[in-house]
file run.txt (compact mmCIF, C-alpha atoms)
# COMPACT_ATOMS: atom_id res chain seq x y z
CA MET S 28 136.44 110.85 131.32
CA ALA S 29 137.41 112.62 134.46
CA VAL S 30 139.33 109.54 135.58
CA SER S 31 141.45 109.52 132.42
CA GLU S 32 142.43 113.15 133.02
CA ILE S 33 143.50 112.33 136.56
CA ILE S 34 145.50 109.29 135.40
CA GLY S 35 147.12 111.36 132.65
CA ALA S 36 148.04 114.09 135.12
CA ALA S 37 149.48 111.50 137.54
CA VAL S 38 151.58 109.92 134.76
CA GLY S 39 152.76 113.39 133.70
CA VAL S 40 153.77 114.28 137.25
CA LEU S 41 155.53 110.91 137.61
CA LEU S 42 157.45 111.47 134.36
CA LEU S 43 158.35 114.98 135.50
CA VAL S 44 159.73 113.60 138.79
CA VAL S 45 161.77 110.92 136.96
CA VAL S 46 163.23 113.44 134.51
CA ALA S 47 164.07 115.82 137.37
CA TYR S 48 165.76 112.97 139.26
CA VAL S 49 167.88 112.04 136.22
CA VAL S 50 168.84 115.66 135.50
CA VAL S 51 169.73 116.44 139.12
CA GLY S 52 171.60 113.13 139.50
CA SER S 53 173.68 113.70 136.38
CA THR S 54 174.40 117.30 137.40
CA LEU S 55 175.60 116.18 140.81
CA PHE S 56 177.76 113.45 139.24
CA ALA S 57 179.31 115.95 136.81
CA ALA S 58 179.99 118.40 139.64
CA GLU S 59 181.63 115.68 141.71
CA THR S 60 183.82 114.64 138.77
CA VAL S 61 184.95 118.22 138.11
CA THR S 62 185.69 118.79 141.80
CA SER S 63 187.73 115.59 142.00
CA ALA S 64 189.72 116.51 138.87
CA GLN S 65 190.46 119.98 140.25
CA LYS S 66 191.60 118.49 143.56
CA ASP S 67 193.92 116.03 141.78
CA LEU S 68 195.37 118.82 139.64
CA THR S 69 195.98 120.97 142.72
CA LEU S 70 197.75 118.13 144.53
CA ARG S 71 199.90 117.45 141.47
CA GLN S 72 200.82 121.12 141.19
CA GLU S 73 201.71 121.28 144.90
CA THR S 74 204.01 118.28 144.41
CA ARG S 75 205.72 120.04 141.49
CA ILE S 76 206.26 123.15 143.58
CA ARG S 77 207.91 121.14 146.37
CA THR S 78 210.16 119.12 144.01
CA ALA S 79 213.68 120.37 143.27
CA PHE S 80 217.11 118.84 142.72
CA ALA S 81 220.59 119.95 141.75
CA ILE S 82 223.35 118.36 139.67
CA ASN S 83 226.92 118.58 141.03
CA ASP S 84 230.34 117.08 140.34
CA GLN S 85 229.53 115.99 136.78
CA TYR S 86 232.28 114.62 134.59
CA ASN S 87 232.80 112.41 131.56
CA LEU S 88 234.97 109.33 132.14
CA THR S 89 238.05 109.44 129.92
CA ASP S 90 237.98 107.07 126.92
CA SER S 91 234.47 105.85 127.67
CA ARG S 92 230.90 106.80 126.92
CA ILE S 93 229.93 107.24 130.55
CA ILE S 94 228.98 110.39 132.44
CA LEU S 95 229.02 110.39 136.24
CA ALA S 96 227.17 113.06 138.20
CA ASN S 97 225.78 113.63 141.68
CA ILE S 98 222.15 114.65 142.07
CA THR S 99 221.02 116.17 145.36
CA ASN S 100 217.37 116.50 146.35
CA THR S 101 217.04 120.17 147.31
CA GLY S 102 213.23 120.14 147.56
CA ASN S 103 210.78 118.76 150.10
CA GLU S 104 209.38 115.85 148.05
CA ILE S 105 210.85 112.35 147.84
CA ILE S 106 212.07 111.52 144.32
CA SER S 107 211.57 107.81 143.72
CA ASP S 108 209.90 107.24 140.34
CA PHE S 109 213.18 106.74 138.49
CA LYS S 110 211.74 104.57 135.71
CA HIS S 111 209.69 107.57 134.55
CA MET S 112 212.66 109.96 134.63
CA ASP S 113 214.57 110.76 131.46
CA VAL S 114 218.10 111.95 130.84
CA ILE S 115 218.79 113.89 127.65
CA VAL S 116 222.41 114.07 126.46
CA TYR S 117 223.61 116.52 123.79
CA ASP S 118 226.56 115.34 121.69
CA LYS S 119 228.56 118.26 120.31
CA ASP S 120 230.21 116.17 117.53
CA SER S 121 226.97 115.06 115.92
CA GLY S 122 224.79 117.93 117.19
CA GLU S 123 222.10 115.44 118.18
CA TYR S 124 220.22 114.75 121.39
CA GLU S 125 219.87 111.29 122.91
CA VAL S 126 217.19 110.31 125.43
CA CYS S 127 218.50 107.82 128.00
CA THR S 128 215.99 105.78 129.98
CA TYR S 129 216.36 104.32 133.45
CA ASP S 130 217.70 100.76 133.70
CA THR S 131 218.40 99.28 137.14
CA ALA S 132 221.11 96.98 135.80
CA GLY S 133 222.74 99.59 133.55
CA GLY S 134 225.59 98.81 131.25
CA THR S 135 223.88 99.33 127.90
CA ALA S 136 224.16 102.48 125.81
CA GLY S 137 221.16 104.78 125.95
CA THR S 138 220.43 104.08 129.63
CA TRP S 139 221.21 105.51 133.04
CA ASN S 140 221.22 104.08 136.54
CA ILE S 141 222.12 104.84 140.12
CA ALA S 142 225.83 104.11 140.64
CA ASN S 143 226.14 105.02 144.32
CA ARG S 144 223.49 105.67 146.98
CA TYR S 145 226.08 106.89 149.53
CA ASN S 146 225.13 104.63 152.49
CA GLU S 147 221.45 105.41 152.39
CA PHE S 148 219.44 103.69 155.10
CA ILE S 149 216.11 105.57 155.28
CA HIS S 150 213.73 104.87 152.38
CA PRO S 151 216.07 102.74 150.25
CA TYR S 152 216.00 103.58 146.53
CA SER S 153 214.20 106.86 147.23
CA LEU S 154 216.02 110.17 147.02
CA ASP S 155 214.85 111.88 150.21
CA PRO S 156 215.26 115.62 150.77
CA CYS S 157 218.95 116.56 151.30
CA GLU S 158 220.16 113.14 150.12
CA LYS S 159 222.62 112.64 147.29
CA TYR S 160 222.94 109.90 144.65
CA GLN S 161 225.63 109.36 142.05
CA ILE S 162 224.16 108.48 138.67
CA ARG S 163 225.85 106.83 135.68
CA ILE S 164 224.74 107.79 132.18
CA MET S 165 225.75 105.50 129.30
CA TYR S 166 225.29 107.30 125.98
CA ASN S 167 225.91 106.51 122.30
CA GLY S 168 227.62 109.75 121.25
CA ASN S 169 231.31 110.63 121.09
CA GLN S 170 231.66 113.90 122.96
CA PRO S 171 228.86 114.99 125.29
CA LYS S 172 228.58 118.70 125.97
CA TRP S 173 225.37 119.01 128.02
CA PHE S 174 222.78 116.82 129.73
CA GLN S 175 219.43 117.30 131.43
CA ILE S 176 217.58 115.16 133.96
CA THR S 177 213.78 115.41 134.03
CA THR S 178 211.66 113.92 136.82
CA ALA S 179 208.33 112.18 136.32
CA ASN S 180 206.43 115.33 137.34
CA GLY S 181 208.31 117.57 134.87
CA ILE S 182 210.94 119.19 137.08
CA TYR S 183 214.38 119.31 135.44
CA ALA S 184 217.97 120.33 136.00
CA SER S 185 220.81 120.48 133.51
CA ALA S 186 224.60 120.63 133.55
CA ILE S 187 227.43 121.34 131.12
CA LEU S 188 230.38 118.99 130.91
call {"tool": "encode", "arguments": {"input": "run.txt", "output": "structure tokens"}}
result
Amino acid sequence: MAVSEIIGAAVGVLLLVVVAYVVVGSTLFAAETVTSAQKDLTLRQETRIRTAFAINDQYNLTDSRIILANITNTGNEIISDFKHMDVIVYDKDSGEYEVCTYDTAGGTAGTWNIANRYNEFIHPYSLDPCEKYQIRIMYNGNQPKWFQITTANGIYASAIL
């Protein structure tokens, strides 16, 4: 009988060690996941803080549904994720907003593209700090009054025509 008590105690201690290992392992994994998520969020927020741009020289081409504008990177981050940037155009005739998506070829209504990169030679197709691009917005409305450009990380600038 004494042997069965010793075996039972050994099995109990072994089970206690296994349970402790699983609990500690899962706690460490959860802590590592939370720390990684917080680090990613901090890096994303730092990128947002360093991102800024301005819209200049905007005008609507006469007798066409095209807006031309210059955007200048006034921040410290490179802006290059154009396919995830949106342009919102407000038409004062209809009172509606239109979201224009990026299209490298351009030419279709409801899209925008880069019309002129102004002799860029460092980081082609990336708007580096202090660089300027001319963008072309093709919209469906009749008389645009206002538009807004929003980057992939949520920074935006707007202009009145």
call {"tool": "residues_near_point", "arguments": {"input": "run.txt", "point": "(224.7, 118.5, 118.7)", "cutoff": "10 Å", "atoms": "all atoms listed in the file", "output": "short mmCIF file (atom, residue, chain, number, x, y, z; two decimals) with C-alpha atoms, in the coordinates of the input"}}
result
data_model
loop_
_atom_site.label_atom_id
_atom_site.label_comp_id
_atom_site.auth_asym_id
_atom_site.auth_seq_id
_atom_site.Cartn_x
_atom_site.Cartn_y
_atom_site.Cartn_z
CA VAL S 116 222.41 114.07 126.46
CA TYR S 117 223.61 116.52 123.79
CA ASP S 118 226.56 115.34 121.69
CA LYS S 119 228.56 118.26 120.31
CA ASP S 120 230.21 116.17 117.53
CA SER S 121 226.97 115.06 115.92
CA GLY S 122 224.79 117.93 117.19
CA GLU S 123 222.10 115.44 118.18
CA TYR S 124 220.22 114.75 121.39
CA GLU S 125 219.87 111.29 122.91
CA GLY S 168 227.62 109.75 121.25
CA GLN S 170 231.66 113.90 122.96
CA PRO S 171 228.86 114.99 125.29
CA LYS S 172 228.58 118.70 125.97
CA TRP S 173 225.37 119.01 128.02
#
call {"tool": "closest_residue", "arguments": {"input": "run.txt", "among": "S:Phe80, S:Phe56, S:Tyr152, S:Tyr145", "to": "Gln175 (chain S)", "atoms": "only C-alpha atoms"}}
result
S:Phe80
call {"tool": "atom_distance", "arguments": {"input": "run.txt", "atom1": "CA of Trp139 (chain S)", "atom2": "CA of Ala96 (chain S)"}}
result
10.9 Å
call {"tool": "residues_around", "arguments": {"input": "run.txt", "residues": "Asn180 (chain S)", "least_positions_apart": "6", "cutoff": "12 Å", "atoms": "only C-alpha atoms", "output": "PyMOL selection string"}}
result
chain S and resi 68+70-79+104-109+111-113
call {"tool": "residues_around", "arguments": {"input": "run.txt", "residues": "Arg144 (chain S)", "least_positions_apart": "3", "cutoff": "12 Å", "atoms": "only C-alpha atoms", "output": "ChimeraX atom specification"}}
result
/S:97-99,140-141,147-155,158-163
call {"tool": "atom_distance", "arguments": {"input": "run.txt", "atom1": "CA of Val126 (chain S)", "atom2": "CA of Val114 (chain S)"}}
result
5.7 Å
call {"tool": "atom_distance", "arguments": {"input": "run.txt", "atom1": "CA of Ile94 (chain S)", "atom2": "CA of Gly137 (chain S)"}}
result
11.6 Å
